[in-house]
Every structure is written in C-alpha cells, then in structure tokens.
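With mmCIF, C-alpha atoms (C1' of nucleotides) inside, this is run.cif:
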data_upload
loop_
_atom_site.label_atom_id
_atom_site.label_comp_id
_atom_site.auth_asym_id
_atom_site.auth_seq_id
_atom_site.Cartn_x
_atom_site.Cartn_y
_atom_site.Cartn_z
CA MET A 1 42.69 -14.27 -3.72
CA LYS A 2 41.80 -17.32 -1.67
CA LEU A 3 38.25 -18.64 -1.62
CA THR A 4 37.72 -17.96 2.06
CA GLU A 5 38.81 -14.37 1.71
CA ALA A 6 36.78 -13.88 -1.44
CA LYS A 7 33.68 -15.25 0.25
CA GLN A 8 34.14 -12.92 3.18
CA GLN A 9 34.57 -9.93 0.91
CA PHE A 10 31.50 -10.86 -1.03
CA ILE A 11 29.41 -11.30 2.10
CA SER A 12 30.51 -8.07 3.62
CA SER A 13 29.97 -6.06 0.43
CA TRP A 14 26.62 -7.62 -0.22
CA GLY A 15 25.68 -6.66 3.32
CA ALA A 16 26.73 -3.05 2.80
CA PHE A 17 24.98 -2.99 -0.56
CA GLY A 18 21.80 -4.28 1.02
CA THR A 19 21.66 -1.50 3.58
CA HIS A 20 21.35 1.00 0.72
CA TRP A 21 18.34 -0.87 -0.47
CA GLY A 22 16.29 -1.12 2.69
CA ILE A 23 17.51 -4.62 3.53
CA ASN A 24 19.28 -4.96 6.81
CA ARG A 25 22.90 -5.93 6.93
CA THR A 26 22.45 -9.33 8.54
CA MET A 27 19.67 -10.34 6.21
CA ALA A 28 21.77 -9.47 3.19
CA GLN A 29 24.79 -11.26 4.63
CA ILE A 30 22.90 -14.46 5.32
CA HIS A 31 21.57 -14.32 1.81
CA ALA A 32 25.05 -13.76 0.41
CA LEU A 33 26.47 -16.63 2.43
CA LEU A 34 23.83 -19.05 1.22
CA LEU A 35 24.21 -17.79 -2.35
CA VAL A 36 27.86 -18.74 -2.52
CA SER A 37 27.68 -21.92 -0.49
CA ALA A 38 27.62 -25.23 -2.28
CA ASP A 39 25.65 -27.08 0.38
CA PRO A 40 22.59 -26.39 2.51
CA MET A 41 23.43 -24.87 5.89
CA THR A 42 21.89 -25.07 9.32
CA GLN A 43 21.13 -22.13 11.54
CA ASP A 44 24.15 -23.01 13.65
CA ASP A 45 26.43 -23.08 10.60
CA ILE A 46 25.23 -19.60 9.68
CA MET A 47 25.60 -18.25 13.21
CA GLU A 48 29.12 -19.49 13.39
CA GLU A 49 30.18 -18.35 9.95
CA LEU A 50 28.83 -14.82 10.40
CA ASN A 51 29.37 -14.49 14.15
CA ILE A 52 25.86 -13.45 14.96
CA SER A 53 23.46 -14.45 17.69
CA ARG A 54 20.88 -17.17 17.51
CA GLY A 55 17.93 -14.80 17.65
CA ASN A 56 19.26 -12.55 14.97
CA THR A 57 19.98 -15.46 12.70
CA ASN A 58 16.56 -16.95 13.21
CA MET A 59 14.70 -13.71 12.60
CA ASN A 60 16.54 -12.90 9.43
CA ILE A 61 16.29 -16.38 7.99
CA ARG A 62 12.56 -16.18 8.47
CA GLU A 63 12.44 -12.80 6.80
CA LEU A 64 14.38 -14.18 3.85
CA ILE A 65 11.89 -17.02 3.62
CA ASN A 66 9.04 -14.47 3.65
CA TRP A 67 10.66 -12.67 0.77
CA GLY A 68 10.89 -15.96 -1.09
CA LEU A 69 14.67 -15.80 -1.30
CA VAL A 70 15.54 -18.71 0.96
CA GLU A 71 14.02 -22.13 1.41
CA ARG A 72 13.95 -24.55 4.28
CA VAL A 73 15.00 -28.05 3.33
CA ILE A 74 14.87 -31.24 5.33
CA LEU A 75 17.72 -33.61 4.70
CA SER A 76 16.73 -37.19 5.37
CA GLY A 77 18.40 -38.65 8.41
CA GLU A 78 19.03 -35.20 9.89
CA ARG A 79 17.13 -33.68 12.74
CA LYS A 80 18.01 -30.05 12.01
CA GLU A 81 16.52 -27.84 9.35
CA PHE A 82 18.77 -26.76 6.53
CA PHE A 83 18.53 -23.65 4.38
CA ILE A 84 19.38 -22.89 0.79
CA ALA A 85 19.16 -19.70 -1.27
CA GLU A 86 17.57 -19.41 -4.66
CA LYS A 87 20.61 -19.44 -6.95
CA ASP A 88 18.97 -18.13 -10.09
CA ILE A 89 19.82 -14.49 -9.61
CA TRP A 90 17.23 -13.32 -12.09
CA LYS A 91 14.53 -15.03 -10.02
CA VAL A 92 15.94 -13.30 -6.96
CA VAL A 93 15.70 -9.89 -8.61
CA ARG A 94 12.16 -10.54 -9.78
CA GLN A 95 11.15 -11.70 -6.36
CA ILE A 96 12.53 -8.56 -4.74
CA VAL A 97 10.91 -6.29 -7.31
CA LYS A 98 7.60 -8.02 -6.75
CA GLU A 99 7.71 -7.62 -2.99
CA ARG A 100 8.80 -4.02 -3.01
CA LYS A 101 6.27 -3.08 -5.62
CA LYS A 102 3.53 -4.54 -3.48
CA ARG A 103 4.79 -2.90 -0.32
CA GLU A 104 5.73 0.51 -1.66
CA LEU A 105 4.63 1.43 -5.17
CA ASP A 106 1.07 0.14 -4.94
CA PRO A 107 0.18 2.12 -1.78
CA MET A 108 1.83 5.24 -3.16
CA LEU A 109 -0.26 5.09 -6.33
CA LYS A 110 -3.40 4.67 -4.27
CA LEU A 111 -2.56 7.79 -2.29
CA LEU A 112 -1.80 9.84 -5.39
CA ASP A 113 -5.24 9.03 -6.76
CA GLN A 114 -6.79 10.58 -3.69
CA LEU A 115 -4.53 13.59 -3.64
CA GLU A 116 -5.28 14.46 -7.23
CA GLU A 117 -8.84 15.23 -6.22
CA VAL A 118 -7.96 18.19 -4.04
CA GLU A 119 -10.76 20.77 -3.73
CA GLY A 120 -10.53 24.20 -5.30
CA ASP A 121 -10.15 26.21 -8.43
CA LYS A 122 -7.55 24.68 -10.72
CA ARG A 123 -6.69 28.19 -11.93
CA ASP A 124 -5.30 29.05 -8.52
CA LYS A 125 -1.53 28.89 -8.94
CA ASN A 126 -1.00 26.93 -5.75
CA ILE A 127 -3.59 24.33 -6.59
CA LYS A 128 -2.35 24.02 -10.12
CA THR A 129 1.23 23.43 -9.02
CA PHE A 130 0.13 20.78 -6.55
CA VAL A 131 -2.12 18.94 -8.97
CA ASP A 132 0.47 19.08 -11.73
CA ALA A 133 3.15 17.61 -9.49
CA VAL A 134 0.88 14.86 -8.21
CA SER A 135 -0.40 14.02 -11.70
CA SER A 136 3.00 13.73 -13.22
CA ILE A 137 4.27 11.55 -10.41
CA LYS A 138 1.21 9.39 -10.82
CA ARG A 139 1.73 9.10 -14.54
CA LEU A 140 5.31 7.97 -14.10
CA GLY A 141 4.34 5.69 -11.23
CA LYS A 142 1.66 3.97 -13.31
CA GLN A 143 4.17 3.44 -16.06
CA ALA A 144 6.75 2.05 -13.67
CA ASP A 145 4.05 -0.23 -12.34
CA LYS A 146 3.36 -1.66 -15.79
CA THR A 147 7.02 -2.01 -16.63
CA LEU A 148 7.75 -3.81 -13.40
CA ASP A 149 4.78 -6.13 -13.89
CA MET A 150 6.20 -7.04 -17.24
CA MET A 151 9.61 -7.59 -15.78
CA ILE A 152 8.15 -9.84 -13.08
CA LYS A 153 6.55 -12.01 -15.73
CA ALA A 154 9.44 -11.98 -18.16
CA ASP A 155 12.41 -14.29 -18.16
CA GLU A 156 16.00 -13.27 -18.07
CA ASN A 157 16.42 -13.30 -21.83
CA TRP A 158 13.96 -10.48 -22.11
CA PHE A 159 16.17 -8.35 -19.97
CA VAL A 160 19.55 -9.45 -21.16
CA GLY A 161 18.62 -10.12 -24.74
CA SER A 162 15.83 -8.57 -26.74
CA LEU A 163 15.53 -5.31 -24.90
CA MET A 164 19.11 -4.54 -25.63
CA LYS A 165 19.03 -5.45 -29.28
CA PHE A 166 16.02 -3.27 -29.79
CA PHE A 167 17.62 -0.19 -28.37
CA LYS A 168 21.15 -0.66 -29.52
CA MET B 1 -9.68 17.36 0.66
CA LYS B 2 -8.30 20.84 1.22
CA LEU B 3 -5.02 21.91 -0.37
CA THR B 4 -3.23 22.36 2.95
CA GLU B 5 -4.18 18.91 4.13
CA ALA B 6 -3.34 17.33 0.78
CA LYS B 7 0.08 18.97 0.81
CA GLN B 8 0.75 17.69 4.29
CA GLN B 9 -0.27 14.18 3.35
CA PHE B 10 1.91 14.28 0.29
CA ILE B 11 4.90 15.54 2.20
CA SER B 12 4.56 13.00 4.94
CA SER B 13 4.07 10.07 2.56
CA TRP B 14 6.92 11.14 0.35
CA GLY B 15 9.06 11.26 3.44
CA ALA B 16 8.08 7.74 4.47
CA PHE B 17 8.56 6.52 0.92
CA GLY B 18 12.01 8.07 0.80
CA THR B 19 13.18 6.20 3.88
CA HIS B 20 12.61 2.93 2.01
CA TRP B 21 14.96 4.15 -0.65
CA GLY B 22 17.93 5.25 1.40
CA ILE B 23 16.88 8.88 1.49
CA ASN B 24 16.32 10.32 4.91
CA ARG B 25 12.92 11.51 5.94
CA THR B 26 13.74 15.20 6.14
CA MET B 27 15.50 15.27 2.82
CA ALA B 28 12.53 13.64 1.13
CA GLN B 29 10.11 15.99 2.88
CA ILE B 30 11.96 19.11 1.86
CA HIS B 31 12.02 17.82 -1.66
CA ALA B 32 8.29 17.07 -1.54
CA LEU B 33 7.52 20.51 -0.16
CA LEU B 34 9.47 22.25 -2.88
CA LEU B 35 7.93 20.00 -5.53
CA VAL B 36 4.40 21.07 -4.72
CA SER B 37 5.13 24.72 -3.97
CA ALA B 38 4.39 27.30 -6.60
CA ASP B 39 7.07 29.75 -5.48
CA PRO B 40 10.72 29.55 -4.45
CA MET B 41 11.17 29.20 -0.69
CA THR B 42 13.80 30.36 1.77
CA GLN B 43 15.41 28.18 4.38
CA ASP B 44 13.25 29.87 7.01
CA ASP B 45 10.07 29.16 5.08
CA ILE B 46 11.03 25.49 4.94
CA MET B 47 11.97 25.33 8.61
CA GLU B 48 8.67 26.79 9.59
CA GLU B 49 6.54 24.70 7.25
CA LEU B 50 8.13 21.40 8.29
CA ASN B 51 8.95 22.28 11.91
CA ILE B 52 12.56 21.31 11.72
CA SER B 53 15.71 22.94 13.01
CA ARG B 54 17.94 25.33 11.11
CA GLY B 55 20.87 22.91 10.97
CA ASN B 56 18.80 20.02 9.76
CA THR B 57 17.20 22.15 7.07
CA ASN B 58 20.51 23.48 5.91
CA MET B 59 22.22 20.09 5.73
CA ASN B 60 19.43 18.48 3.81
CA ILE B 61 18.99 21.33 1.36
CA ARG B 62 22.66 21.05 0.59
CA GLU B 63 22.37 17.31 0.11
CA LEU B 64 19.46 17.84 -2.27
CA ILE B 65 21.58 20.30 -4.21
CA ASN B 66 24.38 17.69 -4.36
CA TRP B 67 21.94 15.20 -5.80
CA GLY B 68 20.95 17.79 -8.39
CA LEU B 69 17.33 17.81 -7.26
CA VAL B 70 17.17 21.33 -5.86
CA GLU B 71 18.56 24.62 -7.05
CA ARG B 72 19.52 27.79 -5.27
CA VAL B 73 18.02 30.90 -6.83
CA ILE B 74 18.70 34.52 -6.05
CA LEU B 75 15.71 36.79 -6.32
CA SER B 76 16.71 40.34 -7.11
CA GLY B 77 16.12 42.72 -4.25
CA GLU B 78 16.29 39.91 -1.69
CA ARG B 79 19.16 39.17 0.60
CA LYS B 80 18.16 35.59 1.36
CA GLU B 81 18.70 32.59 -0.85
CA PHE B 82 15.66 30.88 -2.28
CA PHE B 83 15.28 27.27 -3.31
CA ILE B 84 13.29 25.49 -5.98
CA ALA B 85 12.94 21.83 -6.93
CA GLU B 86 13.26 20.41 -10.38
CA LYS B 87 9.61 19.92 -11.35
CA ASP B 88 10.13 17.60 -14.29
CA ILE B 89 9.70 14.36 -12.45
CA TRP B 90 11.34 12.33 -15.19
CA LYS B 91 14.48 14.42 -14.81
CA VAL B 92 14.31 13.80 -11.08
CA VAL B 93 14.16 10.06 -11.59
CA ARG B 94 17.02 10.11 -14.05
CA GLN B 95 19.10 12.19 -11.70
CA ILE B 96 18.52 9.79 -8.82
CA VAL B 97 19.28 6.77 -10.97
CA LYS B 98 22.48 8.39 -12.16
CA GLU B 99 23.70 9.16 -8.66
CA ARG B 100 22.86 5.80 -7.19
CA LYS B 101 24.39 3.96 -10.10
CA LYS B 102 27.60 5.87 -9.58
CA ARG B 103 27.61 5.34 -5.83
CA GLU B 104 26.45 1.73 -5.68
CA LEU B 105 26.32 -0.26 -8.87
CA ASP B 106 29.66 0.84 -10.29
CA PRO B 107 31.69 -0.10 -7.19
CA MET B 108 29.86 -3.41 -6.89
CA LEU B 109 30.74 -4.35 -10.47
CA LYS B 110 34.34 -3.48 -9.84
CA LEU B 111 34.42 -5.78 -6.82
CA LEU B 112 32.77 -8.64 -8.70
CA ASP B 113 35.48 -8.47 -11.34
CA GLN B 114 38.07 -9.06 -8.66
CA LEU B 115 36.15 -11.81 -6.91
CA GLU B 116 35.68 -13.78 -10.09
CA GLU B 117 39.42 -14.37 -10.17
CA VAL B 118 39.51 -16.44 -7.03
CA GLU B 119 42.40 -18.93 -6.91
CA GLY B 120 41.89 -22.65 -7.20
CA ASP B 121 40.55 -25.51 -9.22
CA LYS B 122 37.24 -24.66 -10.83
CA ARG B 123 36.24 -28.30 -10.53
CA ASP B 124 36.17 -28.00 -6.76
CA LYS B 125 32.49 -27.79 -5.90
CA ASN B 126 32.96 -24.91 -3.47
CA ILE B 127 34.94 -22.83 -5.90
CA LYS B 128 32.54 -23.57 -8.70
CA THR B 129 29.52 -22.50 -6.67
CA PHE B 130 31.23 -19.28 -5.68
CA VAL B 131 32.41 -18.39 -9.17
CA ASP B 132 29.05 -19.25 -10.69
CA ALA B 133 27.21 -17.04 -8.24
CA VAL B 134 29.60 -14.14 -8.73
CA SER B 135 29.55 -14.49 -12.51
CA SER B 136 25.82 -14.52 -12.80
CA ILE B 137 25.45 -11.51 -10.54
CA LYS B 138 28.07 -9.75 -12.62
CA ARG B 139 26.28 -10.59 -15.84
CA LEU B 140 23.01 -9.20 -14.56
CA GLY B 141 24.76 -6.19 -13.06
CA LYS B 142 26.47 -5.34 -16.34
CA GLN B 143 23.15 -5.56 -18.08
CA ALA B 144 21.47 -3.35 -15.51
CA ASP B 145 24.33 -0.93 -15.95
CA LYS B 146 23.71 -0.67 -19.69
CA THR B 147 19.97 -0.40 -19.29
CA LEU B 148 20.29 2.35 -16.73
CA ASP B 149 22.78 4.24 -18.89
CA MET B 150 20.25 4.16 -21.65
CA MET B 151 17.54 5.33 -19.34
CA ILE B 152 19.69 8.20 -18.12
CA LYS B 153 20.18 9.38 -21.68
CA ALA B 154 16.64 8.78 -22.85
CA ASP B 155 13.72 11.13 -22.51
CA GLU B 156 10.44 10.36 -20.87
CA ASN B 157 8.79 9.27 -24.07
CA TRP B 158 11.16 6.38 -24.30
CA PHE B 159 9.94 5.12 -21.01
CA VAL B 160 6.29 5.98 -21.25
CA GLY B 161 5.93 5.44 -24.97
CA SER B 162 8.01 3.23 -27.20
CA LEU B 163 9.13 0.67 -24.68
CA MET B 164 5.55 -0.14 -23.90
CA LYS B 165 4.36 -0.36 -27.46
CA PHE B 166 7.16 -2.73 -28.27
CA PHE B 167 6.27 -5.15 -25.54
CA LYS B 168 2.50 -4.82 -25.55
"C1'" DG C 1 5.39 -39.75 28.20
"C1'" DT C 2 9.53 -37.48 28.38
"C1'" DA C 3 13.83 -35.61 27.69
"C1'" DA C 4 16.96 -33.97 24.42
"C1'" DA C 5 17.32 -31.35 20.27
"C1'" DC C 6 15.99 -27.71 18.08
"C1'" DT C 7 13.33 -23.27 16.98
"C1'" DT C 8 11.12 -19.04 18.21
"C1'" DT C 9 10.21 -15.01 20.95
"C1'" DC C 10 11.06 -10.68 23.00
"C1'" DA C 11 12.77 -7.29 26.47
"C1'" DA C 12 16.77 -4.98 27.11
"C1'" DA C 13 21.31 -3.37 25.31
"C1'" DA C 14 24.07 -1.82 21.63
"C1'" DA C 15 24.77 0.32 17.44
"C1'" DG C 16 23.57 3.42 14.00
"C1'" DT C 17 21.25 7.52 12.21
"C1'" DT C 18 19.08 11.89 12.42
"C1'" DT C 19 18.11 16.18 14.63
"C1'" DT C 20 19.00 20.06 17.41
"C1'" DG C 21 20.75 24.53 18.53
"C1'" DA C 22 24.18 27.47 19.69
"C1'" DA C 23 28.47 29.18 18.07
"C1'" DA C 24 31.53 30.16 14.17
"C1'" DA C 25 32.02 31.62 9.59
"C1'" DT C 26 30.59 34.08 5.69
"C1'" DT C 27 28.28 37.49 2.93
"C1'" DC C 28 26.76 41.91 1.72
"C1'" DG C 29 24.97 46.75 1.78
"C1'" DG C 30 26.36 50.97 2.98
"C1'" DC D 1 35.76 47.98 6.68
"C1'" DC D 2 31.61 47.49 9.95
"C1'" DG D 3 27.91 45.17 11.64
"C1'" DA D 4 23.68 43.04 10.70
"C1'" DA D 5 21.81 39.29 8.14
"C1'" DT D 6 22.43 34.94 6.71
"C1'" DT D 7 24.54 30.42 6.17
"C1'" DT D 8 27.30 26.64 7.83
"C1'" DT D 9 29.27 23.54 11.18
"C1'" DC D 10 29.36 20.05 14.58
"C1'" DA D 11 29.14 18.01 19.31
"C1'" DA D 12 25.67 16.37 22.00
"C1'" DA D 13 20.88 14.63 22.44
"C1'" DA D 14 17.02 12.22 20.64
"C1'" DC D 15 15.37 8.79 18.06
"C1'" DT D 16 15.38 4.43 15.29
"C1'" DT D 17 16.91 0.07 14.13
"C1'" DT D 18 19.36 -3.95 14.97
"C1'" DT D 19 21.31 -7.37 17.89
"C1'" DT D 20 21.73 -10.18 21.82
"C1'" DG D 21 20.82 -14.02 24.79
"C1'" DA D 22 18.17 -16.24 27.93
"C1'" DA D 23 13.74 -18.18 28.50
"C1'" DA D 24 9.71 -20.26 26.49
"C1'" DG D 25 7.84 -23.13 23.09
"C1'" DT D 26 7.83 -27.01 19.86
"C1'" DT D 27 9.12 -31.27 17.76
"C1'" DT D 28 10.83 -35.83 17.56
"C1'" DA D 29 13.00 -40.25 18.81
"C1'" DC D 30 12.72 -43.66 21.75
#

structure tokens encoding of this file:
Amino acid sequence: MKLTEAKQQFISSWGAFGTHWGINRTMAQIHALLLVSADPMTQDDIMEELNISRGNTNMNIRELINWGLVERVILSGERKEFFIAEKDIWKVVRQIVKERKKRELDPMLKLLDQLEEVEGDKRDKNIKTFVDAVSSIKRLGKQADKTLDMMIKADENWFVGSLMKFFK
Amino acid sequence: MKLTEAKQQFISSWGAFGTHWGINRTMAQIHALLLVSADPMTQDDIMEELNISRGNTNMNIRELINWGLVERVILSGERKEFFIAEKDIWKVVRQIVKERKKRELDPMLKLLDQLEEVEGDKRDKNIKTFVDAVSSIKRLGKQADKTLDMMIKADENWFVGSLMKFFK
DNA sequence: GTAAACTTTCAAAAAGTTTTGAAAATTCGG
DNA sequence: CCGAATTTTCAAAACTTTTTGAAAGTTTAC
C-alpha cells in the first residue's frame, strides 16, 4: 500500500472510530491527519487535504485545542498559524480520559448521591430495588473514578508493563 | 425526593449519559427503567411509562436483548412477553465492554496491522512519522485488548478489590 | 493608519439519526 | 384452523448534529 492511500485509510477509519466515541467525524479526522503528518500544518492545508470548509476546520481545530490534543505553533518568518498533534499516544489517551471523566462521570456520581436518598421505607420492594440499583452503580462508578484517576497520573509503563505482569 | 421523581431523574440522566457513549437515548432509558423496576414489564408498560411509540419500544428492546442486557421472560398464565434487565451492574459493564471491543477495537487492530506495512523507505520522514504513529497506536491497542479481555473474564472483586490494593 | 492576510462567527442548509404509527406478520388458545 | 392478541417491520416525519460559506472581526507589516 502506498503512503497516500494508507494515510487516507487511517484518517477515514479514525473518523469512523471517533463517531462511536462521541467525537465528531471531522474532529477525529483532523486529529488523525495531524497525528500522521511529519510537519505542522496550516488551516488551509487541513481544509484542502480533508476537503472541508473553512468554518468547519476552524471550529474543530479549536475543539481539539480545548481537549488538549492539538497545539498552535508559530513558525518564525510565517504569518499563518500552524498546528501539530500530540504524538505521544498515551498522553492522548490520558487527556481524553481526563476530559470525559470530568464531563460525564463526575456529574453522574453527584446525581447518584442524591438519588440514593430517596424517601420511604426501604422494606418496600420498589424502593429497595431502586436504592439497590443506584447504590451498586455508585459503587462501581466510584471505583472507576479512582482507577481512572490513577491511570491519568500513571505513565505508559504502568499500563503496558506492570499491570500485565501482575495479572498474567 | 419521592420514588417516582427519583426514578424519572435516573431514567432521564441515564438516557443522556448513554448518548455520550454511542447508545441511543431510548435504549438507555428502557434499560434504566428496567434496572430500577422491581417486577418484569411488558412492552406496553414500557411504552406507557416512557411515552414512546410501539415501534420504537420494540426496536430498542430487541437491541438491548442483542447486547445481552435485557431478557425476555414468559410468566405462566400470561399471553404477553415480559422483560427484565440484568441487575448485576458489573455483568452489565462486562457485557458492554465485550460487545464494543468486538465491534470497534478488534476491527481497528486489524486495520492497523495492514497500515503498518506501507511501502517505501522507512528513512523518509513522512513514512517514518506515519509508521511510528500507527505502530504506537497498535501497541496501545493490543494492550487495551488484553486488559479488556482480562476484565471480561474477571469478577467484580478483581476490579473493586485486588487491583486497588496493589496500586494503593 | 490602513490594507492585506488571516481567523472566527453564525444563520441557514445538508446530512445523519431517531421516532412514529399503521400495516403486515406471527403466535396462541380454543 | 380461526381470529384475537401480540409482535415486528419500515417508510415517512421529526428531530439532532454537522457542515457550509459569506460576512465580520482581528492581527500584522509596512
């Protein structure tokens, strides 16, 4: 397979993959493109390579910057802004986990705390079922929270190395 | 908070949560409703409780059954089918991980294998950047694959117990 | 100061996804 | 088998999300 074709395949699959993970296609594609590109790219480069509009490109680059996955760089002697992706994929994963935890898991845990305190006799079958379900989700959620925090702090060797040896 | 209100809150939040994870709102809501309900429910019960159409209910119940999260039960003396959700939340998580791994991670790893074999001189900067990116994603993906396999086989105590003690 | 280069915004259009509901198919008791 | 009860299907409608592109805003070199 030729490089150009391989790049295209990668970009398009990464885009499709992203949509299953709550990241929109364009955002994932821009990220993919920058990931596999040797040099920093301008907004116009990206627009042209992916055949997308200026507005779309701009919005999604900014979103990637918000997520901490892409950086703006200024090349001396150039007027335009250039962009590069974080190439350490482990950092990328940690960054995504961190953001999603903050946006999704944390609020959910807060809600579960409130719901656990439903009024009524815990011997009532309906109340018991509800409280049991909420409690067990909360327990697992809290655990996931801790595990993810650890993962966010850890380096790649933790994940690829020790964990595996321990459980082998 | 009253039980009815708490249930509604739970259902609606679970629905919103689900949409961030590639599960559609209705599917997540039906699952939530069954999770916190003491007794098996019919399709009509669900339709009425969530105010959704017959077709929508039917499709999403079937999808939940496909995912292994909901079961059809026949109550003797009743003509209608009843549905219940798996209440062991750890089993639910494992089931979801298993399905998504099969649908998403496995095909991605397969693709990465192919892309790594791009033609050309590895000393070419563009080829090197591409291959490096693909290889490191593959490495992490393979590791995630193993870890998830382990998680699928393990019981809840692995997750909530030993893992944590080891890394405390 | 100003004009060219460049970036950002946002309303409207397009694309994608979910929901509806009525009709078709299936199941089951008698 | 029959027919009532129940489940399933699917085309069209409603809704949601993404994309476009032109206009407005900002920056910079001179």

List the spatial neighbours of Ile23 (chain B) as a PyMOL selection string - criterion: any atom at most 12 Å away, only C-alpha atoms (C1' of nucleotides), same-chain residues fewer than 5 positions off excluded. (chain A and resi 19-22) or (chain B and resi 14-18+28-31+60+63-64+67+96+100) or (chain C and resi 17-18)

### Task
Name every residue that the PyMOL selection byres ((chain A) within 9 of (chain C)) selects in this structure, writing the answer as a list in words with chains first and numbers rising.
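When the PyMOL selection byres ((chain A) within 9 of (chain C)) is applied, the selected residues are Gly55, Asn58, Met59, Arg79, Lys80 and Glu81 of chain A.
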
**Request:** Might you spell out which residues the PyMOL selection byres ((chain A) within 6 of (chain B)) would select in the displayed file, as a ChimeraX atom specification?
**Result:** /A:1-3,6,20,22,36,38,115,118-119,126,129-130

Residue selection dump (C-alpha atoms) as a PDB file, keeping the file's coordinate frame:
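Saved the output as part_37.pdb:
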ATOM      1  CA  MET A   1      42.690 -14.270  -3.720  1.00  0.00           C
ATOM      2  CA  LYS A   2      41.800 -17.320  -1.670  1.00  0.00           C
ATOM      3  CA  LEU A   3      38.250 -18.640  -1.620  1.00  0.00           C
ATOM      4  CA  ALA A   6      36.780 -13.880  -1.440  1.00  0.00           C
ATOM      5  CA  HIS A  20      21.350   1.000   0.720  1.00  0.00           C
ATOM      6  CA  GLY A  22      16.290  -1.120   2.690  1.00  0.00           C
ATOM      7  CA  VAL A  36      27.860 -18.740  -2.520  1.00  0.00           C
ATOM      8  CA  ALA A  38      27.620 -25.230  -2.280  1.00  0.00           C
ATOM      9  CA  LEU A 115      -4.530  13.590  -3.640  1.00  0.00           C
ATOM     10  CA  VAL A 118      -7.960  18.190  -4.040  1.00  0.00           C
ATOM     11  CA  GLU A 119     -10.760  20.770  -3.730  1.00  0.00           C
ATOM     12  CA  ASN A 126      -1.000  26.930  -5.750  1.00  0.00           C
ATOM     13  CA  THR A 129       1.230  23.430  -9.020  1.00  0.00           C
ATOM     14  CA  PHE A 130       0.130  20.780  -6.550  1.00  0.00           C
TER      15      PHE A 130
END

At what distance in Å, to one decimal, does CA of Gly68 (chain B) lie from CA of Lys153 (chain B)?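 Separation between CA of Lys153 (chain B) and CA of Gly68 (chain B): 15.7 Å.
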
So which residues get picked by the PyMOL selection byres ((chain D) within 8 of (chain A)) here, written as a ChimeraX atom specification?
/D:19-21

Same residues, C-alpha atoms (C1' of nucleotides), saved as a PDB file, keeping the file's coordinate frame:
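Saved file again_21.pdb follows:
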ATOM      1  C1'  DT D  19      21.310  -7.370  17.890  1.00  0.00           C
ATOM      2  C1'  DT D  20      21.730 -10.180  21.820  1.00  0.00           C
ATOM      3  C1'  DG D  21      20.820 -14.020  24.790  1.00  0.00           C
TER       4       DG D  21
END

*Point out the residue among A:Asn157, A:Glu86, A:Glu78, A:Leu34 with the least atom-to-atom distance to DT28 (chain D), counting only C-alpha atoms (C1' of nucleotides).*
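Ranking A:Asn157, A:Glu86, A:Glu78, A:Leu34 by distance to DT28 (chain D), first place goes to A:Glu78.
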
Do you have the CA of Ala154 (chain A)-CA of Gln95 (chain B) distance handy?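 So the two atoms, CA of Ala154 (chain A) and CA of Gln95 (chain B), lie 26.8 Å apart.
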
Work out how far CA of Ile152 (chain B) is from CA of Asp113 (chain A), in Å to one decimal.
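About the pair CA of Asp113 (chain A) and CA of Ile152 (chain B): they are 27.4 Å apart.
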
Size and centre in Å, one decimal, axis-aligned box, all listed region 1-14 of chain C atoms plus 8 Å per side, as JSON:
{"center_x": 14.7, "center_y": -20.8, "center_z": 22.7, "size_x": 34.7, "size_y": 53.9, "size_z": 27.4}

Have region 112-126 of chain A completed to N, CA and C atoms, please, and pass it along as a PDB file, in the frame of the given file.
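See rebuild-v9.pdb below for the written result:
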ATOM      1  N   LEU A 112      -1.837   8.787  -4.370  1.00  0.00           N
ATOM      2  CA  LEU A 112      -1.800   9.840  -5.390  1.00  0.00           C
ATOM      3  C   LEU A 112      -3.174  10.032  -6.034  1.00  0.00           C
ATOM      4  N   ASP A 113      -3.881   8.933  -6.229  1.00  0.00           N
ATOM      5  CA  ASP A 113      -5.240   9.030  -6.760  1.00  0.00           C
ATOM      6  C   ASP A 113      -6.110   9.946  -5.906  1.00  0.00           C
ATOM      7  N   GLN A 114      -5.999   9.745  -4.603  1.00  0.00           N
ATOM      8  CA  GLN A 114      -6.790  10.580  -3.690  1.00  0.00           C
ATOM      9  C   GLN A 114      -6.361  12.032  -3.718  1.00  0.00           C
ATOM     10  N   LEU A 115      -5.040  12.228  -3.745  1.00  0.00           N
ATOM     11  CA  LEU A 115      -4.530  13.590  -3.640  1.00  0.00           C
ATOM     12  C   LEU A 115      -4.852  14.429  -4.878  1.00  0.00           C
ATOM     13  N   GLU A 116      -4.996  13.761  -5.987  1.00  0.00           N
ATOM     14  CA  GLU A 116      -5.280  14.460  -7.230  1.00  0.00           C
ATOM     15  C   GLU A 116      -6.633  15.176  -7.157  1.00  0.00           C
ATOM     16  N   GLU A 117      -7.488  14.662  -6.293  1.00  0.00           N
ATOM     17  CA  GLU A 117      -8.840  15.230  -6.220  1.00  0.00           C
ATOM     18  C   GLU A 117      -8.977  16.334  -5.179  1.00  0.00           C
ATOM     19  N   VAL A 118      -7.938  17.088  -4.997  1.00  0.00           N
ATOM     20  CA  VAL A 118      -7.960  18.190  -4.040  1.00  0.00           C
ATOM     21  C   VAL A 118      -9.031  19.212  -4.465  1.00  0.00           C
ATOM     22  N   GLU A 119      -9.706  19.778  -3.455  1.00  0.00           N
ATOM     23  CA  GLU A 119     -10.760  20.770  -3.730  1.00  0.00           C
ATOM     24  C   GLU A 119     -10.165  22.092  -4.199  1.00  0.00           C
ATOM     25  N   GLY A 120     -10.933  22.827  -4.988  1.00  0.00           N
ATOM     26  CA  GLY A 120     -10.530  24.200  -5.300  1.00  0.00           C
ATOM     27  C   GLY A 120     -10.382  24.478  -6.777  1.00  0.00           C
ATOM     28  N   ASP A 121     -10.236  25.734  -7.058  1.00  0.00           N
ATOM     29  CA  ASP A 121     -10.150  26.210  -8.430  1.00  0.00           C
ATOM     30  C   ASP A 121      -8.794  25.878  -9.033  1.00  0.00           C
ATOM     31  N   LYS A 122      -8.804  25.128 -10.114  1.00  0.00           N
ATOM     32  CA  LYS A 122      -7.550  24.680 -10.720  1.00  0.00           C
ATOM     33  C   LYS A 122      -6.761  25.852 -11.325  1.00  0.00           C
ATOM     34  N   ARG A 123      -7.417  27.033 -11.397  1.00  0.00           N
ATOM     35  CA  ARG A 123      -6.690  28.190 -11.930  1.00  0.00           C
ATOM     36  C   ARG A 123      -5.842  28.868 -10.859  1.00  0.00           C
ATOM     37  N   ASP A 124      -6.133  28.530  -9.618  1.00  0.00           N
ATOM     38  CA  ASP A 124      -5.300  29.050  -8.520  1.00  0.00           C
ATOM     39  C   ASP A 124      -3.900  28.446  -8.668  1.00  0.00           C
ATOM     40  N   LYS A 125      -2.910  29.328  -8.688  1.00  0.00           N
ATOM     41  CA  LYS A 125      -1.530  28.890  -8.940  1.00  0.00           C
ATOM     42  C   LYS A 125      -1.081  27.782  -7.996  1.00  0.00           C
ATOM     43  N   ASN A 126      -1.443  27.916  -6.733  1.00  0.00           N
ATOM     44  CA  ASN A 126      -1.000  26.930  -5.750  1.00  0.00           C
ATOM     45  C   ASN A 126      -1.624  25.567  -5.994  1.00  0.00           C
TER      46      ASN A 126
END
